[in-house]
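Right, one structure below, let's go through it.
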Amino acid sequence: MTSRTERILIIDADEKARTELSRHLETRGFYVNGCRDIRAATRMFAQSIPDVIFVDIPPEEIRELTSRLEDLETFTPIVACSDTAESVAVVNALRAGAADFLLKNCSDDKAALDDVIGKLFDRVRINRLNQLYRQELEEANRDLRNGIAELRADQRAGRKVQLRMLPDNDQKLANLSVSHLIKPSLYLSGDFLDYFRISADKVLVYIADVSGHGASSAFVTVLLKNLTNRLQRNLRRGSSDDILYPDRFLERINSELLDTGLGKHVTVFVGIISVNERKLNYAVGAHFPMPILSFEGGETAFLEGSGLPVGLFESPEWEVYEVPLEKPFRLILFSDGILEVIPAKSLDEKEQTLLELVSGGRHTIASLNEALNLDAITELPDDIAIVSVTDTDMVSGSENTSSN
């Protein structure tokens, strides 16, 4: 017969029976070794472990042999052979760990022997395939874990970069007190915000929400920061005054995004507060919800306005809105992630809840954070960004009222 690679071991003190079985198995093409007892067999394991073992040994030795094979982490079925066909002997052998049972001189019944061998090697091949697949799966999982660890390290580094790009919190800018909060749903945020003085009495503040999540969206926030820095330098050098105009500011962002080819767009609210002129000029790039403007002793309402998203169209235009700031005021900007954590059914109800929170006195970032229980939410459904701009005259008035 054609030579095979499978190895069979026979453990039997009866040399004649061992020889007869060995001769038959060799004619079937198997490599066959024989020994008298399990001590000799286990010495052979150091060189190679057989694929199947035929034994005529007591049940306790079958159990010992099974245990040693398990220690070697190998699947090697054991076939018990015996002169007796008593059910007790069969049951004891199978309970000890034998995979099958044959009567002694089983080589005389070649059909039964070949059937047992065929079934056993089917099981051996399936088990080895499973071991191979398990090994490949473990290697793939190990590579995946290493990849995830590297990704997390990259994301942590990216998160640090994003945090460094944010403006200093709790700033005093041209008679305005400005603070912010940003909570990413992942390591990296697609929300971004910034505020800075563009002249002695003018402060620009904007909030942006990049489409999607993850690294590509976070990259756009780097682009936004780089652009605002360049526009500020251009203004100081006198080469461009685009940053003084909300609509032109959005046009520059639009152009930069289209040039990247990332397929990303941004919703943006940009406002310029003129402290001396007491007015707010702003443009809306499909941003939602609109900021809430609150006057001292007066009305609290969402700002009006609409406009196209930024980064989708070649030559869009945005309208510039103007609101007088005749009284001390507070302006609070949100990204749309804030609506995701408000427990209301409809969008109108969510907006109304947000407006009621602000008008009811929850007009600071700390009080909004507490009211919405943001710190207790372990997995945010979306990034959340908030910017609070407070007229210091309003703060002084509140303090005077409290002292009185």
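Numbering starts fresh at 1 for the residues of each chain in the structure tokens, the chains themselves are lettered A, B, ... in the order given, and ligands are numbered from 1 as they appear.
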Exercise for the section: For region 337-348 of chain A, work out the shell of residues within 6 Å, counting only C-alpha atoms and skipping chain neighbours fewer than 5 positions away, then give it as a VMD selection string. Expected result: chain A and resid 382 to 384
Practice task
From a DSSP calculation on the backbone, collect every residue of region 83-224 of chain A in alpha helix (DSSP H) and output the set as a PyMOL selection string.
Solution key: chain A and resi 87-96+110-165+215-224
Practice task
Please run DSSP on the backbone and report, as number ranges by chain, all residues within region 133-237 of chain A that come out as strand (DSSP E or B).
Solution key: A: 171-173, 176-183, 191-197, 202-210
Output the selection as a PDB file, in the first residue's frame - C-alpha atoms for each residue.
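Once everything was written out, this is again24.pdb:
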```pdb
ATOM      1  CA  GLN A 171     -10.336  83.590  29.786  1.00  0.00           C
ATOM      2  CA  LYS A 172     -11.066  87.301  30.104  1.00  0.00           C
ATOM      3  CA  LEU A 173     -11.205  88.783  26.603  1.00  0.00           C
ATOM      4  CA  LEU A 176     -15.914  89.116  28.214  1.00  0.00           C
ATOM      5  CA  SER A 177     -15.499  85.976  30.303  1.00  0.00           C
ATOM      6  CA  VAL A 178     -15.209  82.889  28.078  1.00  0.00           C
ATOM      7  CA  SER A 179     -15.042  79.223  29.086  1.00  0.00           C
ATOM      8  CA  HIS A 180     -15.648  75.875  27.426  1.00  0.00           C
ATOM      9  CA  LEU A 181     -16.256  72.170  27.886  1.00  0.00           C
ATOM     10  CA  ILE A 182     -15.569  69.410  25.379  1.00  0.00           C
ATOM     11  CA  LYS A 183     -16.380  65.734  25.917  1.00  0.00           C
ATOM     12  CA  ASP A 191     -16.144  68.693  17.780  1.00  0.00           C
ATOM     13  CA  PHE A 192     -13.928  71.737  17.993  1.00  0.00           C
ATOM     14  CA  LEU A 193     -14.129  75.248  19.375  1.00  0.00           C
ATOM     15  CA  ASP A 194     -11.985  78.321  19.673  1.00  0.00           C
ATOM     16  CA  TYR A 195     -12.153  81.934  20.839  1.00  0.00           C
ATOM     17  CA  PHE A 196      -9.663  84.795  20.707  1.00  0.00           C
ATOM     18  CA  ARG A 197      -9.379  88.549  20.341  1.00  0.00           C
ATOM     19  CA  LYS A 202     -13.587  92.380  19.145  1.00  0.00           C
ATOM     20  CA  VAL A 203     -13.679  88.697  20.097  1.00  0.00           C
ATOM     21  CA  LEU A 204     -14.251  85.856  17.649  1.00  0.00           C
ATOM     22  CA  VAL A 205     -15.851  82.673  18.940  1.00  0.00           C
ATOM     23  CA  TYR A 206     -16.798  79.619  16.938  1.00  0.00           C
ATOM     24  CA  ILE A 207     -17.942  76.057  17.464  1.00  0.00           C
ATOM     25  CA  ALA A 208     -17.652  73.345  14.806  1.00  0.00           C
ATOM     26  CA  ASP A 209     -18.894  69.786  14.439  1.00  0.00           C
ATOM     27  CA  VAL A 210     -17.075  67.650  11.865  1.00  0.00           C
TER      28      VAL A 210
END
```
Practice task
For CA of Phe269 (chain A) and CA of Glu349 (chain A), quote the distance in Å rounded to one decimal.
Solution key: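 These atoms are spaced 22.1 Å apart.
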Exercise for the section: For CA of Ala80 (chain A) and CA of Ala93 (chain A), determine how far apart the two atoms are, in Å to one decimal place. Expected result: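 Taking CA of Ala80 (chain A) as the start and CA of Ala93 (chain A) as the end point, the length is 6.5 Å.
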Handout entry: Who sits within 12 Å of Lys110 (chain A), only C-alpha atoms, same chain under 4 positions skipped, as a list in words
Key = Glu20, Leu21, His24, Leu25, Thr27, Arg28, Leu102, Leu103, Asn105, Cys106, Asp114, Asp115, Val116, Ile117 and Gly118 of chain A
